[in-house]
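Chemist: Below you'll find the structure I mean.
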Amino acid sequence: MRIFLTGATGYIGAAVLDALVRAGHDVTALVRDNQKAARVKARGGHPVIGNLAEPESFRSAADAQDGYIHTAFDTTGGGPAIDKAALETIVQAATRPRTASSNGPKKRFVIYTSGVWVLGDTNGPATEEAPIKPTPLVAWRPAHEALVQSLSRSGQIRTAIVRPGIVYGGARGIISDLLKNAKNGLLRVVGDGRNHWPCVYDRDLADLYVRIAAHPEASGIFHANDEADERVSDIVEAIARHFMVQPDIRHVPIEEARNKMGQYADALALDQVVRSPRARALGWAPTLHSVAGNVAGLIEEFRSGQEAAA
């Protein structure tokens, strides 16, 4: 299939690009500059230089695709508004009438990337049917999820929303930040560390996107996590044990963390136990089942990723 991908050099998007190419799909990827374009081309994608904040820069490239996967998020400022404008542009391309010669799938698809933080504290296991109580940092996401879902209900296109847990693997993301901090000798934990983080390996997450894209009936919400139900303290202590010089572990009171990190602190303090039955119904099965049980391998990935980026 011909698939338009945003965020192809980002943490999630890069893994999705690799998985799509391995599966034989033709991927057009939105990138910001020539350097990123070269990286995408080397990995088998077809780069298009544009800017998520300027929909006209990629509108024509988004036409004539069979599917659309939106993993990008602009962190330079105005992220929610930029995300909405980009999503609306993608939706317009997906709903534009096909030419008579089109031989793609009967119904185009859009896969939107949200996240488990829209669930808030789960108070027990939360499936895709659980009510949402978004933490303030992502209070804008439910409206974007609703926009995507409304298109599926209209029957125009097939839509899916992926809610990843905290992604691990490679040299980016929250878990990699913990590895870096441990290497530097100090691990900070927001709160007492007894809260649970739902996590997912980046390559396993990418596999879910490919499965949703390929399944003609896959639509709706899909949670993506390894279901290890790990407490933050378990993760941090497992990381600390793998360093010859034991890092200090400091528990930061939530108010102090808010003063330094803003709403991000509340997101890190969420207590979430998440289940992914709809993803597993597609045959999706994580290959890694915990962070704590795979720290040695994650450290090697972290070091390799840092060296590659140097």
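Just remember, in the structure tokens the first chain shown is A, the second B, etc., residues are 1-based per chain, and ligands are 1-based in the order shown.
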Write out as a PyMOL selection string the set of residues from region 154-306 of chain A that DSSP, computed on the backbone, places in strand (DSSP E or B).

Modeler: chain A and resi 158-164+166-168+186-190+196-197+199-201+220-224+230-231+248-252+273-274

Chemist: Could you take the residues named above and write them with C-alpha atoms, as a compact mmCIF listing (two decimals), in the first residue's frame?

Modeler:
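Once written, part.txt looks like this:
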# COMPACT_ATOMS: atom_id res chain seq x y z
CA ARG A 158 -11.46 3.55 8.21
CA THR A 159 -9.90 5.18 11.25
CA ALA A 160 -7.93 3.95 14.23
CA ILE A 161 -6.46 5.56 17.32
CA VAL A 162 -3.34 4.08 18.89
CA ARG A 163 -2.68 4.88 22.54
CA PRO A 164 0.88 3.81 23.31
CA ILE A 166 5.51 4.86 27.77
CA VAL A 167 7.75 3.80 24.90
CA TYR A 168 11.15 2.23 25.56
CA LEU A 186 21.26 10.56 39.96
CA LEU A 187 17.81 9.12 39.30
CA ARG A 188 14.86 11.34 40.16
CA VAL A 189 11.43 9.85 40.74
CA VAL A 190 8.28 11.98 40.93
CA HIS A 196 2.46 1.94 37.73
CA TRP A 197 3.67 2.86 34.26
CA CYS A 199 5.17 0.58 28.87
CA VAL A 200 5.77 -0.72 25.34
CA TYR A 201 8.90 -1.57 23.34
CA GLY A 220 -11.45 2.20 16.77
CA ILE A 221 -9.15 2.54 19.77
CA PHE A 222 -6.13 0.32 20.36
CA HIS A 223 -4.05 0.38 23.52
CA ALA A 224 -0.42 -0.67 23.17
CA GLU A 230 5.53 -2.37 36.60
CA ARG A 231 5.84 0.14 39.39
CA ASP A 248 21.48 7.89 43.94
CA ILE A 249 17.69 7.65 43.78
CA ARG A 250 15.86 10.79 44.85
CA HIS A 251 12.11 10.93 45.30
CA VAL A 252 10.82 14.38 44.37
CA VAL A 273 -2.65 -0.34 34.73
CA VAL A 274 -3.62 -0.76 31.10

Chemist: I'd like the neighbourhood of region 240-245 of chain A as a list in words, where a residue qualifies if any of its atoms comes within 7 Å (using only C-alpha atoms), though same-chain residues fewer than 4 positions away should be ignored.

Modeler: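 That gives Ala182, Val236 and Ala296 of chain A.
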
Chemist: Those residues you just picked out, can you put them in a file as an mmCIF file, in the first residue's frame with C-alpha atoms?

Modeler:
data_model
loop_
_atom_site.group_PDB
_atom_site.id
_atom_site.type_symbol
_atom_site.label_atom_id
_atom_site.label_comp_id
_atom_site.auth_asym_id
_atom_site.auth_seq_id
_atom_site.Cartn_x
_atom_site.Cartn_y
_atom_site.Cartn_z
ATOM 1 C CA ALA A 182 21.597 6.709 36.042
ATOM 2 C CA VAL A 236 14.286 2.556 38.605
ATOM 3 C CA ALA A 296 20.870 -4.938 30.024
#

Chemist: Could I get the residues of region 13-50 of chain A with an atom no further than 10 Å from an atom of region 72-75 of chain A, each paired with its nearest atom pair and that distance in Å to one decimal, using only C-alpha atoms, sorted by chain and residue number, as JSON lines?

Modeler:
{"residue": "A:Gly13", "atom": "CA", "partner": "A:Ala72", "partner_atom": "CA", "distance": 7.0}
{"residue": "A:Leu30", "atom": "CA", "partner": "A:Ala72", "partner_atom": "CA", "distance": 9.3}
{"residue": "A:Val31", "atom": "CA", "partner": "A:Ala72", "partner_atom": "CA", "distance": 9.9}

Chemist: Give the helix (DSSP H, G or I) residues of region 171-253 of chain A, as assigned by DSSP on the backbone, as a ChimeraX atom specification.

Modeler: /A:174-183,202-214,232-241

Chemist: Got time to write the residues from that selection, N, CA and C atoms, as a short mmCIF file (atom, residue, chain, number, x, y, z; two decimals), in the first residue's frame?

Modeler:
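File produced: selection00.cif:
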data_model
loop_
_atom_site.label_atom_id
_atom_site.label_comp_id
_atom_site.auth_asym_id
_atom_site.auth_seq_id
_atom_site.Cartn_x
_atom_site.Cartn_y
_atom_site.Cartn_z
N ILE A 174 11.34 8.46 27.67
CA ILE A 174 11.40 8.59 29.12
C ILE A 174 12.31 7.55 29.75
N ILE A 175 12.24 6.32 29.29
CA ILE A 175 13.08 5.27 29.88
C ILE A 175 14.55 5.53 29.56
N SER A 176 14.84 5.98 28.34
CA SER A 176 16.21 6.31 27.98
C SER A 176 16.73 7.49 28.81
N ASP A 177 15.85 8.41 29.14
CA ASP A 177 16.25 9.51 30.04
C ASP A 177 16.67 8.97 31.40
N LEU A 178 15.96 7.95 31.87
CA LEU A 178 16.35 7.32 33.14
C LEU A 178 17.71 6.66 33.03
N LEU A 179 17.98 6.01 31.91
CA LEU A 179 19.29 5.38 31.71
C LEU A 179 20.39 6.43 31.70
N LYS A 180 20.13 7.53 31.03
CA LYS A 180 21.11 8.61 30.97
C LYS A 180 21.35 9.19 32.35
N ASN A 181 20.28 9.40 33.10
CA ASN A 181 20.42 9.95 34.45
C ASN A 181 21.16 9.00 35.38
N ALA A 182 20.89 7.70 35.22
CA ALA A 182 21.60 6.71 36.04
C ALA A 182 23.09 6.73 35.74
N LYS A 183 23.41 6.86 34.48
CA LYS A 183 24.81 6.95 34.06
C LYS A 183 25.48 8.17 34.69
N ASP A 202 9.54 -0.08 21.53
CA ASP A 202 9.27 0.69 20.30
C ASP A 202 9.01 -0.20 19.09
N ARG A 203 9.72 -1.30 18.96
CA ARG A 203 9.52 -2.17 17.79
C ARG A 203 8.20 -2.93 17.88
N ASP A 204 7.81 -3.27 19.09
CA ASP A 204 6.49 -3.91 19.26
C ASP A 204 5.38 -2.93 18.92
N LEU A 205 5.53 -1.69 19.35
CA LEU A 205 4.54 -0.67 19.03
C LEU A 205 4.42 -0.50 17.51
N ALA A 206 5.55 -0.44 16.83
CA ALA A 206 5.54 -0.28 15.38
C ALA A 206 4.81 -1.43 14.69
N ASP A 207 4.97 -2.62 15.22
CA ASP A 207 4.29 -3.79 14.65
C ASP A 207 2.78 -3.63 14.72
N LEU A 208 2.28 -3.00 15.78
CA LEU A 208 0.84 -2.80 15.90
C LEU A 208 0.33 -1.87 14.79
N TYR A 209 1.06 -0.82 14.50
CA TYR A 209 0.65 0.08 13.43
C TYR A 209 0.54 -0.68 12.10
N VAL A 210 1.51 -1.52 11.83
CA VAL A 210 1.50 -2.29 10.57
C VAL A 210 0.31 -3.23 10.53
N ARG A 211 -0.01 -3.86 11.65
CA ARG A 211 -1.16 -4.77 11.70
C ARG A 211 -2.47 -4.03 11.48
N ILE A 212 -2.60 -2.86 12.07
CA ILE A 212 -3.82 -2.08 11.88
C ILE A 212 -3.94 -1.63 10.43
N ALA A 213 -2.83 -1.19 9.85
CA ALA A 213 -2.85 -0.75 8.46
C ALA A 213 -3.28 -1.87 7.52
N ALA A 214 -2.81 -3.07 7.79
CA ALA A 214 -3.05 -4.19 6.87
C ALA A 214 -4.41 -4.85 7.06
N VAL A 232 7.01 2.24 39.09
CA VAL A 232 8.15 3.06 38.72
C VAL A 232 9.36 2.69 39.56
N SER A 233 9.15 2.41 40.84
CA SER A 233 10.26 2.02 41.71
C SER A 233 10.94 0.74 41.23
N ASP A 234 10.16 -0.21 40.70
CA ASP A 234 10.74 -1.45 40.18
C ASP A 234 11.64 -1.16 38.98
N ILE A 235 11.19 -0.27 38.11
CA ILE A 235 11.96 0.09 36.92
C ILE A 235 13.25 0.78 37.32
N VAL A 236 13.13 1.76 38.19
CA VAL A 236 14.29 2.56 38.60
C VAL A 236 15.31 1.70 39.34
N GLU A 237 14.84 0.85 40.23
CA GLU A 237 15.78 -0.01 40.98
C GLU A 237 16.47 -1.01 40.07
N ALA A 238 15.76 -1.53 39.07
CA ALA A 238 16.38 -2.46 38.13
C ALA A 238 17.44 -1.75 37.30
N ILE A 239 17.17 -0.52 36.90
CA ILE A 239 18.17 0.25 36.15
C ILE A 239 19.39 0.52 37.02
N ALA A 240 19.18 0.93 38.25
CA ALA A 240 20.30 1.25 39.15
C ALA A 240 21.23 0.06 39.35
N ARG A 241 20.67 -1.14 39.42
CA ARG A 241 21.48 -2.34 39.67
C ARG A 241 22.43 -2.65 38.52
#

Chemist: Looking at only C-alpha atoms, which of A:Gly169, A:Glu256, A:Tyr264, A:Ala143 is the one that sits closest to Glu300 (chain A)?

Modeler: A:Gly169

Chemist: CA of Ser152 (chain A) and CA of Arg32 (chain A) are how many Å apart?

Modeler: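 For CA of Ser152 (chain A) relative to CA of Arg32 (chain A), the distance reads 29.8 Å.
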
Chemist: Using only C-alpha atoms, which of the listed residues (A:Ser219, A:Asn195, A:Thr28, A:Gln149) sits closest to Lys107 (chain A)?

Modeler: A:Ser219

Chemist: Could you tell me which of A:Tyr112, A:Trp117, A:Tyr11, A:Trp140 comes closest to Ile90 (chain A) if we count only C-alpha atoms?

Modeler: A:Tyr112

Chemist: Need to verify the contact set: Ala309 (chain A), 10 Å, only C-alpha atoms, exclusion of same-chain residues closer than 5 positions in sequence. Can you return it as a PyMOL selection string?

Modeler: chain A and resi 171+303-304

Chemist: Residues near Asp121 (chain A), anyone? I mean within 8 Å using only C-alpha atoms, not counting same-chain ones fewer than 3 positions away, as a PDB file with N, CA and C atoms, in the first residue's frame.

Modeler:
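Output below, filename result32.pdb:
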ATOM      1  N   LYS A 133     -10.044  10.288  31.463  1.00  0.00           N
ATOM      2  CA  LYS A 133      -9.923  11.378  32.435  1.00  0.00           C
ATOM      3  C   LYS A 133      -8.543  11.986  32.221  1.00  0.00           C
ATOM      4  N   LEU A 270       1.111   9.626  37.257  1.00  0.00           N
ATOM      5  CA  LEU A 270      -0.101   8.833  37.069  1.00  0.00           C
ATOM      6  C   LEU A 270       0.119   7.381  37.479  1.00  0.00           C
ATOM      7  N   ASP A 271      -0.920   6.788  38.045  1.00  0.00           N
ATOM      8  CA  ASP A 271      -0.898   5.365  38.394  1.00  0.00           C
ATOM      9  C   ASP A 271      -1.813   4.659  37.405  1.00  0.00           C
ATOM     10  N   GLN A 272      -1.213   3.917  36.470  1.00  0.00           N
ATOM     11  CA  GLN A 272      -1.988   3.341  35.369  1.00  0.00           C
ATOM     12  C   GLN A 272      -1.677   1.849  35.167  1.00  0.00           C
TER      13      GLN A 272
END

Chemist: In Å, with one decimal, what is the gap from CA of Val91 (chain A) to CA of Ala53 (chain A)?

Modeler: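 Interatomic distance here is 15.5 Å.
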
Chemist: Grab the CA of Glu301 (chain A) to CA of Gly170 (chain A) distance for me, in Å with one decimal place.

Modeler: 4.9 Å

Chemist: Which residue gives the smallest distance to Ile111 (chain A) among A:Ile157, A:Ile69, A:Val138, A:Val40, with only C-alpha atoms counted?

Modeler: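 The shortest atom-to-atom distance to Ile111 (chain A) comes from A:Ile69.
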
Chemist: Show which residues sit within 9 Å of Arg108 (chain A), as an mmCIF file with N, CA and C atoms, in the first residue's frame. Count only C-alpha atoms, and ignore same-chain residues fewer than 2 positions away.

Modeler:
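Contents of result15.cif, as written:
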data_model
loop_
_atom_site.group_PDB
_atom_site.id
_atom_site.type_symbol
_atom_site.label_atom_id
_atom_site.label_comp_id
_atom_site.auth_asym_id
_atom_site.auth_seq_id
_atom_site.Cartn_x
_atom_site.Cartn_y
_atom_site.Cartn_z
ATOM 1 N N GLN A 65 -2.851 8.699 -1.648
ATOM 2 C CA GLN A 65 -2.306 7.660 -0.784
ATOM 3 C C GLN A 65 -3.434 6.697 -0.388
ATOM 4 N N ASP A 66 -3.031 5.493 -0.002
ATOM 5 C CA ASP A 66 -4.023 4.511 0.451
ATOM 6 C C ASP A 66 -4.290 4.622 1.948
ATOM 7 N N GLY A 67 -3.287 5.101 2.673
ATOM 8 C CA GLY A 67 -3.438 5.211 4.118
ATOM 9 C C GLY A 67 -2.555 6.309 4.679
ATOM 10 N N TYR A 68 -2.884 6.731 5.902
ATOM 11 C CA TYR A 68 -2.201 7.852 6.545
ATOM 12 C C TYR A 68 -1.925 7.481 8.005
ATOM 13 N N ALA A 94 -7.551 12.106 2.826
ATOM 14 C CA ALA A 94 -8.087 10.741 2.920
ATOM 15 C C ALA A 94 -9.513 10.647 2.402
ATOM 16 N N THR A 95 -10.256 11.732 2.492
ATOM 17 C CA THR A 95 -11.660 11.698 2.073
ATOM 18 C C THR A 95 -11.881 12.246 0.662
ATOM 19 N N GLY A 104 -6.036 0.758 -5.010
ATOM 20 C CA GLY A 104 -5.705 0.564 -3.607
ATOM 21 C C GLY A 104 -6.825 -0.152 -2.876
ATOM 22 N N PRO A 105 -6.746 -0.222 -1.546
ATOM 23 C CA PRO A 105 -7.800 -0.864 -0.764
ATOM 24 C C PRO A 105 -9.137 -0.148 -0.947
ATOM 25 N N LYS A 106 -10.223 -0.866 -0.708
ATOM 26 C CA LYS A 106 -11.555 -0.305 -0.931
ATOM 27 C C LYS A 106 -11.792 0.954 -0.101
ATOM 28 N N VAL A 110 -6.940 6.114 8.229
ATOM 29 C CA VAL A 110 -6.146 7.087 8.972
ATOM 30 C C VAL A 110 -5.876 6.501 10.347
ATOM 31 N N GLN A 156 -16.890 7.088 5.705
ATOM 32 C CA GLN A 156 -16.064 7.598 4.610
ATOM 33 C C GLN A 156 -14.718 6.876 4.529
ATOM 34 N N ILE A 157 -14.100 6.728 5.679
ATOM 35 C CA ILE A 157 -12.783 6.091 5.750
ATOM 36 C C ILE A 157 -12.709 5.218 7.000
ATOM 37 N N ARG A 158 -11.721 4.372 7.027
ATOM 38 C CA ARG A 158 -11.465 3.550 8.215
ATOM 39 C C ARG A 158 -10.467 4.299 9.098
ATOM 40 N N THR A 159 -10.794 4.440 10.354
ATOM 41 C CA THR A 159 -9.905 5.176 11.250
ATOM 42 C C THR A 159 -9.556 4.347 12.483
#

Chemist: Would you mind listing what lies within 9 Å of Ile49 (chain A) as a ChimeraX atom specification, with only C-alpha atoms counted and same-chain residues fewer than 6 positions away left out?

Modeler: /A:29-34,36-37,57-58

Chemist: For those residues, write C-alpha atoms to a file as a PDB file, in the first residue's frame.

Modeler:
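The resulting part07.pdb:
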ATOM      1  CA  ALA A  29       7.360  10.471   4.784  1.00  0.00           C
ATOM      2  CA  LEU A  30       7.086  14.119   5.820  1.00  0.00           C
ATOM      3  CA  VAL A  31      10.397  15.563   7.061  1.00  0.00           C
ATOM      4  CA  ARG A  32      11.612  19.050   7.920  1.00  0.00           C
ATOM      5  CA  ASP A  33      14.971  19.283   6.157  1.00  0.00           C
ATOM      6  CA  ASN A  34      17.457  17.688   3.770  1.00  0.00           C
ATOM      7  CA  LYS A  36      16.258  14.160   7.755  1.00  0.00           C
ATOM      8  CA  ALA A  37      15.246  13.458   4.174  1.00  0.00           C
ATOM      9  CA  SER A  57       3.787  22.335   2.369  1.00  0.00           C
ATOM     10  CA  PHE A  58       2.612  18.720   2.338  1.00  0.00           C
TER      11      PHE A  58
END

Chemist: Could you give me, as a list of chain:residue names, the residues within 10 Å of Leu87 (chain A), counting only C-alpha atoms and dropping anything in the same chain fewer than 2 positions from it?

Modeler: A:Leu52, A:Pro55, A:Tyr68, A:Ile69, A:His70, A:Ala81, A:Ile82, A:Asp83, A:Lys84, A:Ala85, A:Thr89, A:Ile90, A:Val91, A:Gln92, A:Ala93, A:Val110, A:Tyr112, A:His144, A:Leu147, A:Val148

Chemist: Got time to write the residues from that selection, C-alpha atoms, as a compact mmCIF listing (two decimals), in the first residue's frame?

Modeler:
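Written output follows (again37.txt):
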# COMPACT_ATOMS: atom_id res chain seq x y z
CA LEU A 52 3.70 20.12 10.10
CA PRO A 55 -0.22 22.22 5.85
CA TYR A 68 -2.20 7.85 6.55
CA ILE A 69 -0.32 7.38 9.80
CA HIS A 70 0.11 10.44 11.99
CA ALA A 81 -3.21 23.64 17.30
CA ILE A 82 -0.56 22.38 14.87
CA ASP A 83 -1.65 18.81 15.49
CA LYS A 84 -5.27 19.70 14.73
CA ALA A 85 -4.39 21.53 11.50
CA THR A 89 -5.22 18.22 6.24
CA ILE A 90 -4.65 14.48 6.41
CA VAL A 91 -8.38 13.86 6.75
CA GLN A 92 -9.12 16.05 3.73
CA ALA A 93 -6.64 14.03 1.66
CA VAL A 110 -6.15 7.09 8.97
CA TYR A 112 -3.87 8.69 14.73
CA HIS A 144 -8.66 15.08 18.33
CA LEU A 147 -12.54 14.02 15.26
CA VAL A 148 -10.91 10.84 13.99

Chemist: Counting only C-alpha atoms, figure out which residue out of A:Pro198, A:Gly185, A:Gly7, A:Pro136 gets nearest to Gly165 (chain A).

Modeler: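 Distance minimum relative to Gly165 (chain A) lands on A:Pro198.
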